[in-house]
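Following: one structure in structure tokens, then a few remarks.
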Amino acid sequence: MILSQISAYLKRQRRASLVDMAHTLMTDPEALKAMLAALERKGWVRRMQSGTPCKGCCKCDHKAVELYEWTGD
């Protein structure tokens with residue numbers, strides 16, 4: 001898993017949960033968190049505040065979902 005794959009995914013989706021990204025990109029959520037942190041430091045991604053609703057099905061607990069949003073170019 002490389003940062004360009006994560007970046008491309010988030011550029012397309014604009015906002016995604018950690019669980020969805022891990023499933024789609026076939027990687028471990030903890031490893032993905034470390035890579036997302038690197039993108040956050042570069043200012044390309046930001047972790048959304050706890051409780052922020054995603055654009056999904058509304059069946060989960062928003063407080064339990066870890067969301068990230070693309071903020072780059």
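By order of appearance in the structure tokens: chains A, B, ..., then residues from 1 within every chain, and ligands from 1 in the order shown.
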
Tell me which protein, DNA and RNA residues are within 10 Å of stretch 17-31 of chain A, counting only C-alpha atoms, leaving out same-chain ones fewer than 2 positions away, and put them as a PDB file with C-alpha atoms, in the first residue's frame.
```pdb
ATOM      1  CA  MET A   1       0.000   0.000   0.000  1.00  0.00           C
ATOM      2  CA  GLN A   5      -3.242   4.744  -3.757  1.00  0.00           C
ATOM      3  CA  ILE A   6      -4.780   6.244  -0.626  1.00  0.00           C
ATOM      4  CA  TYR A   9      -9.071   6.837  -3.409  1.00  0.00           C
ATOM      5  CA  LEU A  10      -9.795   9.846  -1.213  1.00  0.00           C
ATOM      6  CA  GLN A  13     -14.523   9.661  -2.688  1.00  0.00           C
ATOM      7  CA  ARG A  15     -14.662  11.538   2.345  1.00  0.00           C
ATOM      8  CA  LYS A  33      -3.922   4.996  10.034  1.00  0.00           C
ATOM      9  CA  ALA A  34      -0.147   5.503   9.975  1.00  0.00           C
ATOM     10  CA  MET A  35      -0.225   6.299   6.255  1.00  0.00           C
ATOM     11  CA  LEU A  36      -3.183   8.657   6.692  1.00  0.00           C
ATOM     12  CA  ARG A  47      -9.428  13.426  10.110  1.00  0.00           C
ATOM     13  CA  MET A  48     -13.011  14.478  10.672  1.00  0.00           C
ATOM     14  CA  CYS A  54     -20.548  10.125   6.509  1.00  0.00           C
ATOM     15  CA  LYS A  55     -22.330  10.081   3.184  1.00  0.00           C
ATOM     16  CA  GLY A  56     -23.296   6.441   3.655  1.00  0.00           C
ATOM     17  CA  VAL A  65     -16.809   5.831  12.705  1.00  0.00           C
ATOM     18  CA  GLU A  66     -13.397   7.313  11.957  1.00  0.00           C
ATOM     19  CA  LEU A  67     -13.741   9.529   8.875  1.00  0.00           C
ATOM     20  CA  TYR A  68     -11.095  11.145   6.702  1.00  0.00           C
ATOM     21  CA  GLU A  69     -11.542  13.848   4.089  1.00  0.00           C
TER      22      GLU A  69
END
```

Distance atom CA of A:Trp44-atom CA of A:Gly72, one decimal place? 4.1 Å

Can you tell me how far atom CA of A:Arg14 sits from atom CA of A:Val45, in Å to one decimal?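 Those two atoms sit 9.6 Å apart.
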